[in-house]
file upload.cif (mmCIF, C-alpha atoms and all ligand atoms)
data_start
#
loop_
_atom_site.label_atom_id
_atom_site.label_comp_id
_atom_site.auth_asym_id
_atom_site.auth_seq_id
_atom_site.Cartn_x
_atom_site.Cartn_y
_atom_site.Cartn_z
CA MET Z 296 12.45 -4.20 14.64
CA SER Z 297 8.94 -3.93 16.02
CA ALA Z 298 10.31 -4.99 19.42
CA ILE Z 299 12.82 -2.15 19.45
CA ALA Z 300 11.38 1.07 20.82
CA PRO Z 301 12.73 4.53 20.05
CA PHE Z 302 13.88 6.76 22.93
CA ARG Z 303 10.61 8.63 23.57
CA VAL Z 304 12.60 11.48 25.06
CA MET Z 305 13.96 12.26 21.60
CA GLU Z 306 10.42 13.20 20.49
CA LEU Z 307 10.24 15.52 23.45
CA LEU Z 308 13.65 16.96 22.69
CA GLY Z 309 12.58 17.54 19.06
CA ARG Z 310 9.43 19.32 20.21
CA ALA Z 311 11.47 21.36 22.72
CA LYS Z 312 13.80 22.47 19.92
CA THR Z 313 10.81 23.45 17.76
CA LEU Z 314 9.38 25.52 20.61
CA GLU Z 315 12.77 27.16 21.11
CA GLY Z 316 12.85 27.91 17.39
CA GLU Z 317 9.56 29.75 17.90
CA GLY Z 318 11.17 31.85 20.62
CA ARG Z 319 9.98 29.93 23.72
CA SER Z 320 12.39 29.48 26.62
CA ILE Z 321 12.80 25.83 27.60
CA VAL Z 322 14.47 24.45 30.71
CA HIS Z 323 16.13 21.22 29.65
CA MET Z 324 16.06 18.58 32.35
CA GLU Z 325 15.69 15.68 29.93
CA ILE Z 326 19.19 15.44 28.51
CA GLY Z 327 21.39 12.59 29.72
CA GLU Z 328 24.73 14.20 29.04
CA PRO Z 329 26.88 16.64 30.98
CA ASP Z 330 26.49 20.31 30.02
CA PHE Z 331 30.24 20.86 30.57
CA LEU Z 332 32.58 21.20 27.61
CA THR Z 333 35.22 18.54 27.07
CA PRO Z 334 38.19 19.50 29.31
CA ARG Z 335 40.76 21.63 27.54
CA PRO Z 336 43.72 19.20 27.86
CA VAL Z 337 41.67 16.54 26.04
CA CYS Z 338 40.75 18.95 23.22
CA GLU Z 339 44.39 19.99 22.90
CA ALA Z 340 45.51 16.36 22.63
CA GLY Z 341 42.82 15.88 19.97
CA ILE Z 342 44.05 18.92 18.03
CA ARG Z 343 47.63 17.63 18.16
CA ALA Z 344 46.43 14.28 16.80
CA LEU Z 345 44.56 15.97 13.95
CA GLU Z 346 47.60 18.07 13.07
CA LYS Z 347 49.82 15.02 12.97
CA GLY Z 348 47.31 13.38 10.70
CA ASP Z 349 48.14 9.68 10.91
CA LEU Z 350 44.59 8.82 11.76
CA PHE Z 351 44.30 5.30 10.46
CA TYR Z 352 42.18 2.51 11.82
CA THR Z 353 43.58 1.28 15.10
CA SER Z 354 43.49 -2.37 16.14
CA ALA Z 355 39.86 -3.45 16.57
CA LEU Z 356 40.59 -3.86 20.28
CA GLY Z 357 41.86 -0.27 20.49
CA SER Z 358 45.21 1.50 20.53
CA ALA Z 359 47.83 -0.12 22.75
CA GLU Z 360 48.58 3.27 24.41
CA LEU Z 361 44.97 3.85 25.44
CA ARG Z 362 44.49 0.30 26.69
CA ALA Z 363 47.63 0.71 28.81
CA ALA Z 364 46.46 4.12 30.05
CA ILE Z 365 43.11 2.66 31.14
CA ALA Z 366 44.92 -0.16 32.97
CA ARG Z 367 47.01 2.47 34.82
CA TYR Z 368 43.82 4.38 35.66
CA TYR Z 369 42.34 1.29 37.35
CA ALA Z 370 45.59 0.83 39.25
CA THR Z 371 45.65 4.41 40.56
CA ARG Z 372 41.93 5.12 41.02
CA TYR Z 373 40.84 1.72 42.36
CA ARG Z 374 44.09 -0.09 43.18
CA VAL Z 375 42.98 -2.95 40.92
CA ASP Z 376 45.28 -4.71 38.46
CA VAL Z 377 43.74 -5.18 35.03
CA ALA Z 378 45.80 -6.66 32.19
CA PRO Z 379 45.69 -4.24 29.20
CA GLY Z 380 45.02 -7.32 27.05
CA ARG Z 381 41.57 -7.62 28.65
CA ILE Z 382 40.65 -4.00 27.88
CA VAL Z 383 38.73 -3.35 24.67
CA ILE Z 384 38.26 0.19 23.36
CA THR Z 385 34.82 0.67 21.84
CA SER Z 386 32.70 3.24 20.11
CA GLY Z 387 31.00 4.59 23.23
CA SER Z 388 30.08 2.18 25.95
CA SER Z 389 27.14 1.47 23.64
CA GLY Z 390 29.65 -0.40 21.45
CA ALA Z 391 30.91 -2.27 24.49
CA LEU Z 392 27.43 -3.33 25.56
CA LEU Z 393 26.61 -4.53 22.06
CA LEU Z 394 29.86 -6.52 21.78
CA ALA Z 395 29.43 -8.04 25.24
CA MET Z 396 25.88 -9.15 24.45
CA GLY Z 397 27.07 -10.28 21.01
CA VAL Z 398 29.50 -12.81 22.46
CA ILE Z 399 27.10 -14.01 25.16
CA VAL Z 400 23.59 -14.11 23.67
CA ASP Z 401 22.42 -16.90 21.38
CA PRO Z 402 18.91 -16.88 19.89
CA GLY Z 403 16.34 -17.63 22.59
CA ALA Z 404 18.75 -16.93 25.46
CA GLU Z 405 17.41 -14.82 28.32
CA VAL Z 406 19.16 -11.81 29.83
CA LEU Z 407 18.00 -10.25 33.10
CA VAL Z 408 17.71 -6.47 33.14
CA SER Z 409 16.16 -4.19 35.73
CA ASP Z 410 12.85 -2.46 35.00
CA PRO Z 411 13.30 0.51 35.15
CA GLY Z 412 16.72 0.43 33.54
CA TYR Z 413 18.77 1.67 30.60
CA PRO Z 414 16.56 0.75 27.61
CA ALA Z 415 19.26 -0.03 25.03
CA ASN Z 416 20.20 -3.21 26.90
CA ARG Z 417 16.92 -4.94 26.26
CA HIS Z 418 17.01 -3.79 22.65
CA PHE Z 419 20.52 -5.19 22.12
CA VAL Z 420 19.27 -8.52 23.43
CA ARG Z 421 16.30 -8.36 21.05
CA LEU Z 422 18.57 -7.51 18.13
CA LEU Z 423 20.44 -10.75 18.82
CA ASN Z 424 17.14 -12.64 18.94
CA GLY Z 425 17.49 -13.15 22.67
CA GLU Z 426 14.81 -12.53 25.30
CA PRO Z 427 15.31 -9.62 27.66
CA VAL Z 428 13.63 -10.35 31.00
CA GLY Z 429 12.69 -7.12 32.75
CA VAL Z 430 12.83 -7.64 36.51
CA PRO Z 431 10.55 -5.14 38.26
CA VAL Z 432 12.53 -3.18 40.86
CA GLY Z 433 11.48 -0.45 43.26
CA PRO Z 434 12.61 1.57 46.27
CA ASP Z 435 12.91 -1.53 48.50
CA SER Z 436 15.95 -2.66 46.45
CA ASP Z 437 17.18 0.86 45.58
CA TYR Z 438 15.71 0.25 42.09
CA GLN Z 439 18.45 -2.33 41.44
CA LEU Z 440 18.67 -6.06 40.86
CA THR Z 441 19.59 -7.93 44.05
CA PRO Z 442 21.15 -11.39 44.53
CA GLU Z 443 17.71 -12.64 45.57
CA LEU Z 444 16.05 -11.29 42.42
CA VAL Z 445 18.80 -12.69 40.19
CA GLU Z 446 18.35 -16.08 41.84
CA THR Z 447 14.56 -15.95 41.47
CA TYR Z 448 14.47 -14.85 37.85
CA TRP Z 449 17.41 -16.96 36.57
CA SER Z 450 15.95 -19.73 34.40
CA GLU Z 451 17.51 -22.56 32.43
CA ARG Z 452 17.68 -20.27 29.44
CA THR Z 453 19.29 -17.33 31.25
CA VAL Z 454 22.83 -16.53 30.12
CA ALA Z 455 23.49 -13.17 31.78
CA ALA Z 456 22.31 -10.36 34.03
CA VAL Z 457 23.07 -6.70 33.38
CA VAL Z 458 23.33 -4.05 36.07
CA ALA Z 459 24.39 -0.42 36.02
CA THR Z 460 25.88 1.18 39.10
CA PRO Z 461 25.19 4.08 39.49
CA SER Z 462 22.13 3.49 37.38
CA ASN Z 463 20.27 5.36 34.73
CA PRO Z 464 17.49 6.41 35.44
CA THR Z 465 17.73 6.18 39.23
CA GLY Z 466 21.29 7.16 40.17
CA THR Z 467 21.40 4.39 42.77
CA VAL Z 468 24.48 2.31 43.53
CA ILE Z 469 24.84 -1.43 44.22
CA ALA Z 470 26.88 -2.35 47.30
CA PRO Z 471 30.05 -4.30 46.40
CA GLU Z 472 28.98 -7.24 48.58
CA ALA Z 473 25.65 -7.55 46.72
CA LEU Z 474 27.47 -7.34 43.41
CA ALA Z 475 29.87 -10.10 44.48
CA ARG Z 476 26.91 -12.32 45.42
CA MET Z 477 25.26 -11.69 42.04
CA ALA Z 478 28.55 -12.56 40.34
CA ALA Z 479 28.74 -15.82 42.32
CA ILE Z 480 25.15 -16.75 41.36
CA ALA Z 481 25.83 -16.06 37.67
CA ALA Z 482 29.11 -18.01 37.77
CA ASP Z 483 27.43 -20.91 39.56
CA ARG Z 484 24.96 -21.21 36.72
CA GLY Z 485 27.60 -20.86 34.02
CA GLY Z 486 26.36 -17.37 33.08
CA ALA Z 487 27.80 -13.87 32.91
CA LEU Z 488 27.35 -10.65 34.84
CA ILE Z 489 27.72 -7.40 32.93
CA VAL Z 490 28.39 -4.42 35.18
CA ASP Z 491 27.93 -1.04 33.55
CA GLU Z 492 30.11 1.49 35.39
CA ILE Z 493 29.57 4.33 32.91
CA TYR Z 494 28.62 6.74 35.73
CA HIS Z 495 31.71 5.98 37.80
CA GLY Z 496 33.47 9.18 38.83
CA LEU Z 497 30.05 10.69 39.48
CA VAL Z 498 29.34 9.17 42.88
CA TYR Z 499 28.69 11.60 45.72
CA GLU Z 500 28.87 9.32 48.75
CA GLY Z 501 31.65 7.04 49.94
CA GLU Z 502 34.48 5.36 48.12
CA THR Z 503 33.68 3.79 44.73
CA LYS Z 504 34.80 0.22 44.16
CA THR Z 505 35.00 -1.28 40.69
CA ALA Z 506 33.63 -4.67 39.74
CA ALA Z 507 36.83 -5.13 37.71
CA ILE Z 508 38.33 -6.69 40.83
CA ASP Z 509 36.66 -9.91 39.58
CA PRO Z 510 38.32 -11.08 36.32
CA GLU Z 511 35.24 -13.11 35.38
CA LEU Z 512 32.94 -10.08 34.96
CA PHE Z 513 32.25 -7.88 31.97
CA VAL Z 514 32.86 -4.33 33.19
CA ILE Z 515 31.76 -1.43 31.01
CA GLY Z 516 33.32 2.05 31.12
CA SER Z 517 32.92 5.23 29.09
CA PHE Z 518 34.46 8.59 28.33
CA SER Z 519 30.98 10.06 27.92
CA LYS Z 520 29.79 11.03 31.38
CA TYR Z 521 32.45 11.73 34.03
CA PHE Z 522 34.96 12.63 31.30
CA ASN Z 523 32.45 14.95 29.51
CA MET Z 524 33.18 13.44 26.08
CA THR Z 525 29.80 12.16 24.83
CA GLY Z 526 30.23 13.19 21.18
CA TRP Z 527 33.72 11.69 20.89
CA ARG Z 528 32.04 8.27 20.98
CA LEU Z 529 34.53 6.40 23.09
CA GLY Z 530 34.11 3.76 25.74
CA TRP Z 531 35.69 0.55 26.90
CA MET Z 532 35.05 -2.88 28.31
CA ILE Z 533 37.07 -5.17 30.52
CA ALA Z 534 36.17 -8.71 29.54
CA PRO Z 535 37.11 -12.15 30.82
CA GLU Z 536 40.26 -13.27 29.01
CA ARG Z 537 38.60 -16.17 27.17
CA TYR Z 538 36.17 -13.87 25.36
CA ILE Z 539 38.76 -11.45 23.93
CA GLY Z 540 39.29 -13.39 20.68
CA ASP Z 541 35.55 -13.44 19.91
CA ILE Z 542 35.16 -9.80 20.87
CA GLU Z 543 38.00 -8.84 18.53
CA LYS Z 544 36.39 -10.77 15.68
CA LEU Z 545 33.03 -9.10 16.31
CA ALA Z 546 34.51 -5.59 16.68
CA GLN Z 547 36.39 -6.00 13.39
CA ASN Z 548 33.13 -6.80 11.66
CA VAL Z 549 30.86 -4.31 13.41
CA TYR Z 550 32.96 -1.12 13.30
CA LEU Z 551 36.63 -2.01 12.55
CA SER Z 552 37.94 0.30 15.24
CA ALA Z 553 36.81 3.04 17.60
CA PRO Z 554 37.55 6.58 16.28
CA ALA Z 555 41.31 7.13 16.15
CA PRO Z 556 41.28 10.91 16.94
CA ALA Z 557 39.12 10.27 19.99
CA GLN Z 558 41.48 7.53 21.18
CA ARG Z 559 44.44 9.91 20.95
CA ALA Z 560 42.60 12.72 22.70
CA ALA Z 561 41.44 10.39 25.46
CA LEU Z 562 45.04 9.75 26.52
CA ALA Z 563 44.90 13.21 28.12
CA ALA Z 564 41.72 12.33 30.03
CA PHE Z 565 43.73 10.61 32.77
CA GLU Z 566 46.26 13.42 33.27
CA PRO Z 567 46.10 14.87 36.80
CA GLU Z 568 45.22 18.28 35.32
CA THR Z 569 42.13 16.83 33.61
CA ILE Z 570 41.09 14.77 36.62
CA ALA Z 571 41.26 17.93 38.78
CA ILE Z 572 38.88 19.70 36.37
CA LEU Z 573 36.51 16.73 36.33
CA ASP Z 574 36.50 16.25 40.10
CA GLY Z 575 35.61 19.95 40.44
CA ARG Z 576 32.68 19.40 38.08
CA ARG Z 577 31.56 16.43 40.13
CA GLU Z 578 31.20 18.79 43.10
CA GLU Z 579 29.03 21.04 40.93
CA PHE Z 580 26.82 18.03 40.09
CA ARG Z 581 26.57 17.24 43.81
CA ALA Z 582 25.44 20.81 44.56
CA ARG Z 583 22.79 20.53 41.84
CA ARG Z 584 21.52 17.24 43.25
CA ASP Z 585 21.44 18.67 46.77
CA TYR Z 586 19.32 21.58 45.53
CA LEU Z 587 17.02 19.62 43.22
CA VAL Z 588 15.97 16.62 45.30
CA PRO Z 589 14.46 18.55 48.26
CA ALA Z 590 12.90 21.08 45.85
CA LEU Z 591 11.15 18.31 43.90
CA ARG Z 592 10.00 16.62 47.09
CA LYS Z 593 8.42 19.91 48.15
CA LEU Z 594 6.49 20.01 44.87
CA GLY Z 595 4.97 16.59 45.64
CA PHE Z 596 7.30 14.23 43.77
CA ASP Z 597 8.19 11.04 45.65
CA ILE Z 598 11.92 10.40 45.87
CA PRO Z 599 12.35 7.71 48.52
CA GLN Z 600 16.17 7.75 48.60
CA MET Z 601 18.74 10.38 47.82
CA PRO Z 602 20.34 9.14 44.56
CA GLN Z 603 24.02 8.48 45.25
CA GLY Z 604 25.40 9.06 41.77
CA ALA Z 605 25.02 9.87 38.03
CA PHE Z 606 23.01 13.05 37.32
CA TYR Z 607 19.47 11.78 37.47
CA VAL Z 608 16.52 11.85 39.81
CA TYR Z 609 13.87 9.20 39.20
CA ALA Z 610 10.81 10.72 40.76
CA GLY Z 611 7.42 9.24 41.54
CA CYS Z 612 4.64 11.50 40.26
CA ALA Z 613 1.56 9.46 41.25
CA ARG Z 614 0.38 12.24 43.58
CA LEU Z 615 0.50 14.72 40.68
CA THR Z 616 -0.74 12.75 37.65
CA ASP Z 617 -1.94 9.29 36.63
CA ASP Z 618 -0.07 9.44 33.31
CA SER Z 619 3.57 10.49 33.39
CA PHE Z 620 3.80 10.47 29.58
CA ARG Z 621 0.98 13.00 29.21
CA PHE Z 622 2.39 14.94 32.15
CA THR Z 623 5.81 15.37 30.47
CA HIS Z 624 4.14 16.60 27.27
CA GLU Z 625 1.86 19.05 29.10
CA LEU Z 626 4.76 20.29 31.17
CA LEU Z 627 6.74 21.02 28.03
CA GLU Z 628 3.90 22.73 26.18
CA ARG Z 629 2.51 24.75 29.07
CA ALA Z 630 5.49 25.38 31.32
CA GLY Z 631 8.48 25.06 29.00
CA VAL Z 632 10.18 22.36 31.07
CA ALA Z 633 11.47 19.20 29.39
CA ILE Z 634 11.77 16.00 31.46
CA THR Z 635 11.76 12.31 30.51
CA PRO Z 636 8.72 10.03 30.96
CA GLY Z 637 9.13 6.74 32.85
CA ILE Z 638 8.10 4.75 29.77
CA ASP Z 639 11.61 5.24 28.33
CA PHE Z 640 13.05 2.96 31.01
CA GLY Z 641 10.64 0.03 31.00
CA SER Z 642 7.06 -0.74 31.84
CA HIS Z 643 7.04 -1.36 35.60
CA ARG Z 644 5.10 1.55 37.13
CA ALA Z 645 6.39 3.69 34.25
CA SER Z 646 3.28 5.88 34.16
CA GLU Z 647 3.97 6.87 37.79
CA HIS Z 648 7.52 8.06 37.20
CA VAL Z 649 9.54 10.72 35.42
CA ARG Z 650 13.29 11.31 35.22
CA PHE Z 651 14.96 14.64 35.86
CA ALA Z 652 18.54 15.19 34.64
CA TYR Z 653 20.49 17.85 36.52
CA THR Z 654 22.66 18.65 33.52
CA ASN Z 655 22.06 22.38 33.96
CA PRO Z 656 23.40 25.00 36.37
CA VAL Z 657 21.52 25.43 39.67
CA GLU Z 658 19.96 28.75 38.54
CA ARG Z 659 18.41 27.00 35.57
CA LEU Z 660 17.18 24.10 37.73
CA ARG Z 661 15.62 26.67 40.07
CA GLU Z 662 13.82 28.25 37.11
CA GLY Z 663 12.58 24.79 36.09
CA VAL Z 664 11.32 24.05 39.61
CA GLU Z 665 9.48 27.40 39.76
CA ARG Z 666 7.82 26.73 36.42
CA ILE Z 667 6.74 23.24 37.51
CA GLY Z 668 5.35 24.71 40.76
CA GLU Z 669 3.33 27.25 38.80
CA PHE Z 670 2.14 24.58 36.33
CA LEU Z 671 0.92 22.40 39.22
CA ARG Z 672 -0.84 25.31 40.91
CA VAL Z 673 -2.66 26.25 37.69
CA SER Z 674 -3.61 22.66 36.84
CA ARG Z 675 -5.00 22.15 40.34
CA GLY Z 676 -6.91 25.38 39.96
CA SER Z 677 -5.43 26.83 43.16
CA PRO Z 678 -4.50 30.54 43.29
C1 LIG Z 701 23.56 3.25 31.80
C2 LIG Z 701 24.10 3.66 30.47
N1 LIG Z 701 24.93 2.81 29.82
C3 LIG Z 701 25.44 3.14 28.61
C4 LIG Z 701 25.14 4.34 27.99
C5 LIG Z 701 25.75 4.63 26.62
O1 LIG Z 701 26.59 5.74 26.63
P1 LIG Z 701 27.85 5.93 25.67
O2 LIG Z 701 27.65 5.07 24.48
O3 LIG Z 701 27.86 7.39 25.33
O4 LIG Z 701 29.08 5.52 26.44
C6 LIG Z 701 24.30 5.26 28.64
C7 LIG Z 701 23.96 6.55 28.01
O5 LIG Z 701 23.20 7.34 28.50
C8 LIG Z 701 23.78 4.91 29.91
O6 LIG Z 701 22.98 5.74 30.59
#
call {"tool": "encode", "arguments": {"input": "upload.cif", "output": "structure tokens"}}
result
Amino acid sequence: MSAIAPFRVMELLGRAKTLEGEGRSIVHMEIGEPDFLTPRPVCEAGIRALEKGDLFYTSALGSAELRAAIARYYATRYRVDVAPGRIVITSGSSGALLLAMGVIVDPGAEVLVSDPGYPANRHFVRLLNGEPVGVPVGPDSDYQLTPELVETYWSERTVAAVVATPSNPTGTVIAPEALARMAAIAADRGGALIVDEIYHGLVYEGETKTAAIDPELFVIGSFSKYFNMTGWRLGWMIAPERYIGDIEKLAQNVYLSAPAPAQRAALAAFEPETIAILDGRREEFRARRDYLVPALRKLGFDIPQMPQGAFYVYAGCARLTDDSFRFTHELLERAGVAITPGIDFGSHRASEHVRFAYTNPVERLREGVERIGEFLRVSRGSP
């Protein structure tokens, strides 16, 4: 347990809530979930399920209807055929990541993860007594693993590499060709590639391709982000056929089944009416990004590339502070703005980075930017 770190941002969120309780106004740019309510058609499907009441455990792999609906979604959105039998419904994509690692990682096995990257991955590996190997990444590789890095860091003990595209905390996307090369390297060495596509649907440039085109990859999806359903705790995984039996066994033991009401409600998530609502919200996220990135650059944050997706900006703050952790705490106390310190995402140059989440309307982001500007002016002692 000592190797498993808490999300530091939760401390900040707790402190922000305390300050709010004391009457302070806080601009929340730390929260990694959409501010939009779950779309109405999904709630209505959930209500119908509750009224009907037959909310028993489903199969550990998920309800047959939802697995089929997800397969249809891949066919329409990406024109990729995925057999419903390879789709596993999980409790959030967190459940999917844990199950995927569970069937891959033996004690002592190494798993490559990017640093910075989503912190739970390295903790899942630790929980299984594996060794997460944080690969330092920066602007030169869009803060992502590359085929070259995977090749360099892959050792005899490595069993998998994990990538997220778009990523948390950087919002950057991996080109399909690079992903295919990473998949080939992993396959060549008898290992696995886990591709976390939780932020799919929230990509602002170009057409999005799914890694599910390759039946040998573990592809992770979620209802949390694009579908605005974080609290319903529902996600999925597309796994190579030969792992499904082990995944089923593990899911039965770990949580029996994903929540049945959420699985019913989620059937409405793919209706054209819902998708139209969600695509409209994506445009709102794009407008927020387009406001926030130049505004932060003007304040002195370094953002080498425009993030292509998710709702995060991973910003260099070396010109403003030498300790991003202290900076986030001071910013909260003195300016009433909550952001996430780099330390939550790894150790590589963490003290030089912070993460902004644009999970607030533009007016609120503008208020946050003004407060940060004022905070910087006062701390520099300029008028
Ligand atoms: C990259 C990434 N993967 C997975 C998750 C887990 O999300 P959930 O369990 O809600 O699907 C998150 C949550 O923030 C994330 O950022």
call {"tool": "residues_near_ligand", "arguments": {"input": "upload.cif", "ligand": "ligand LIG 701 (chain Z)", "cutoff": "8 Å", "atoms": "only C-alpha atoms and all ligand atoms", "output": "ChimeraX atom specification"}}
result
/Z:327-328,386-390,392,412-413,415,459-464,491-494,516-520,525-526,528-530
call {"tool": "closest_residue", "arguments": {"input": "upload.cif", "among": "Z:Ala455, Z:Ala553, Z:Gly631, Z:Arg577", "to": "Thr313 in chain Z", "atoms": "only C-alpha atoms"}}
result
Z:Gly631
call {"tool": "residues_around", "arguments": {"input": "upload.cif", "residues": "Pro556 in chain Z", "least_positions_apart": "6", "cutoff": "9 Å", "atoms": "only C-alpha atoms", "output": "ChimeraX atom specification"}}
result
/Z:340-342,344-345,350,527
call {"tool": "residues_around", "arguments": {"input": "upload.cif", "residues": "range 394-410 of chain Z", "least_positions_apart": "5", "cutoff": "7 Å", "atoms": "all atoms listed in the file", "output": "mmCIF file with C-alpha atoms, in the coordinates of the input"}}
result
data_model
loop_
_atom_site.group_PDB
_atom_site.id
_atom_site.type_symbol
_atom_site.label_atom_id
_atom_site.label_comp_id
_atom_site.auth_asym_id
_atom_site.auth_seq_id
_atom_site.Cartn_x
_atom_site.Cartn_y
_atom_site.Cartn_z
ATOM 1 C CA VAL Z 420 19.270 -8.520 23.430
ATOM 2 C CA LEU Z 423 20.440 -10.750 18.820
ATOM 3 C CA ASN Z 424 17.140 -12.640 18.940
ATOM 4 C CA GLY Z 425 17.490 -13.150 22.670
ATOM 5 C CA GLU Z 426 14.810 -12.530 25.300
ATOM 6 C CA PRO Z 427 15.310 -9.620 27.660
ATOM 7 C CA VAL Z 428 13.630 -10.350 31.000
ATOM 8 C CA GLY Z 429 12.690 -7.120 32.750
ATOM 9 C CA VAL Z 430 12.830 -7.640 36.510
ATOM 10 C CA PRO Z 431 10.550 -5.140 38.260
ATOM 11 C CA VAL Z 432 12.530 -3.180 40.860
ATOM 12 C CA GLN Z 439 18.450 -2.330 41.440
ATOM 13 C CA LEU Z 440 18.670 -6.060 40.860
ATOM 14 C CA ARG Z 452 17.680 -20.270 29.440
ATOM 15 C CA THR Z 453 19.290 -17.330 31.250
ATOM 16 C CA VAL Z 454 22.830 -16.530 30.120
ATOM 17 C CA ALA Z 455 23.490 -13.170 31.780
ATOM 18 C CA ALA Z 456 22.310 -10.360 34.030
ATOM 19 C CA VAL Z 457 23.070 -6.700 33.380
ATOM 20 C CA VAL Z 458 23.330 -4.050 36.070
ATOM 21 C CA ASP Z 541 35.550 -13.440 19.910
ATOM 22 C CA ILE Z 542 35.160 -9.800 20.870
ATOM 23 C CA LEU Z 545 33.030 -9.100 16.310
ATOM 24 C CA ALA Z 546 34.510 -5.590 16.680
ATOM 25 C CA PHE Z 640 13.050 2.960 31.010
ATOM 26 C CA GLY Z 641 10.640 0.030 31.000
ATOM 27 C CA SER Z 642 7.060 -0.740 31.840
ATOM 28 C CA HIS Z 643 7.040 -1.360 35.600
#
call {"tool": "residues_around", "arguments": {"input": "upload.cif", "residues": "Phe513 in chain Z", "least_positions_apart": "3", "cutoff": "6 Å", "atoms": "only C-alpha atoms", "output": "NGL selection string"}}
result
:Z and (489 or 533-534)
call {"tool": "atom_distance", "arguments": {"input": "upload.cif", "atom1": "CA of Gly595 in chain Z", "atom2": "CA of Arg581 in chain Z"}}
result
21.7 Å
call {"tool": "residues_around", "arguments": {"input": "upload.cif", "residues": "Asp618 in chain Z", "least_positions_apart": "2", "cutoff": "12 Å", "atoms": "all atoms listed in the file", "output": "PDB file with C-alpha atoms, in the frame of the given file"}}
result
ATOM      1  CA  GLY Z 611       7.420   9.240  41.540  1.00  0.00           C
ATOM      2  CA  CYS Z 612       4.640  11.500  40.260  1.00  0.00           C
ATOM      3  CA  ALA Z 613       1.560   9.460  41.250  1.00  0.00           C
ATOM      4  CA  ARG Z 614       0.380  12.240  43.580  1.00  0.00           C
ATOM      5  CA  LEU Z 615       0.500  14.720  40.680  1.00  0.00           C
ATOM      6  CA  THR Z 616      -0.740  12.750  37.650  1.00  0.00           C
ATOM      7  CA  PHE Z 620       3.800  10.470  29.580  1.00  0.00           C
ATOM      8  CA  ARG Z 621       0.980  13.000  29.210  1.00  0.00           C
ATOM      9  CA  PHE Z 622       2.390  14.940  32.150  1.00  0.00           C
ATOM     10  CA  THR Z 623       5.810  15.370  30.470  1.00  0.00           C
ATOM     11  CA  HIS Z 624       4.140  16.600  27.270  1.00  0.00           C
ATOM     12  CA  GLU Z 625       1.860  19.050  29.100  1.00  0.00           C
ATOM     13  CA  PRO Z 636       8.720  10.030  30.960  1.00  0.00           C
ATOM     14  CA  GLY Z 637       9.130   6.740  32.850  1.00  0.00           C
ATOM     15  CA  ILE Z 638       8.100   4.750  29.770  1.00  0.00           C
ATOM     16  CA  ARG Z 644       5.100   1.550  37.130  1.00  0.00           C
ATOM     17  CA  ALA Z 645       6.390   3.690  34.250  1.00  0.00           C
ATOM     18  CA  SER Z 646       3.280   5.880  34.160  1.00  0.00           C
ATOM     19  CA  GLU Z 647       3.970   6.870  37.790  1.00  0.00           C
ATOM     20  CA  HIS Z 648       7.520   8.060  37.200  1.00  0.00           C
ATOM     21  CA  VAL Z 649       9.540  10.720  35.420  1.00  0.00           C
TER      22      VAL Z 649
END
call {"tool": "residues_around", "arguments": {"input": "upload.cif", "residues": "range 361-370 of chain Z", "least_positions_apart": "3", "cutoff": "12 Å", "atoms": "all atoms listed in the file", "output": "PyMOL selection string"}}
result
chain Z and resi 353-358+373-385+495-496+503-508+514+516-518+529-533+553+555-567+570
call {"tool": "closest_residue", "arguments": {"input": "upload.cif", "among": "Z:Arg675, Z:His418, Z:Arg303, Z:Arg476", "to": "Glu443 in chain Z", "atoms": "all atoms listed in the file"}}
result
Z:Arg476
call {"tool": "atom_distance", "arguments": {"input": "upload.cif", "atom1": "CA of Glu543 in chain Z", "atom2": "CA of Lys347 in chain Z"}}
result
27.2 Å
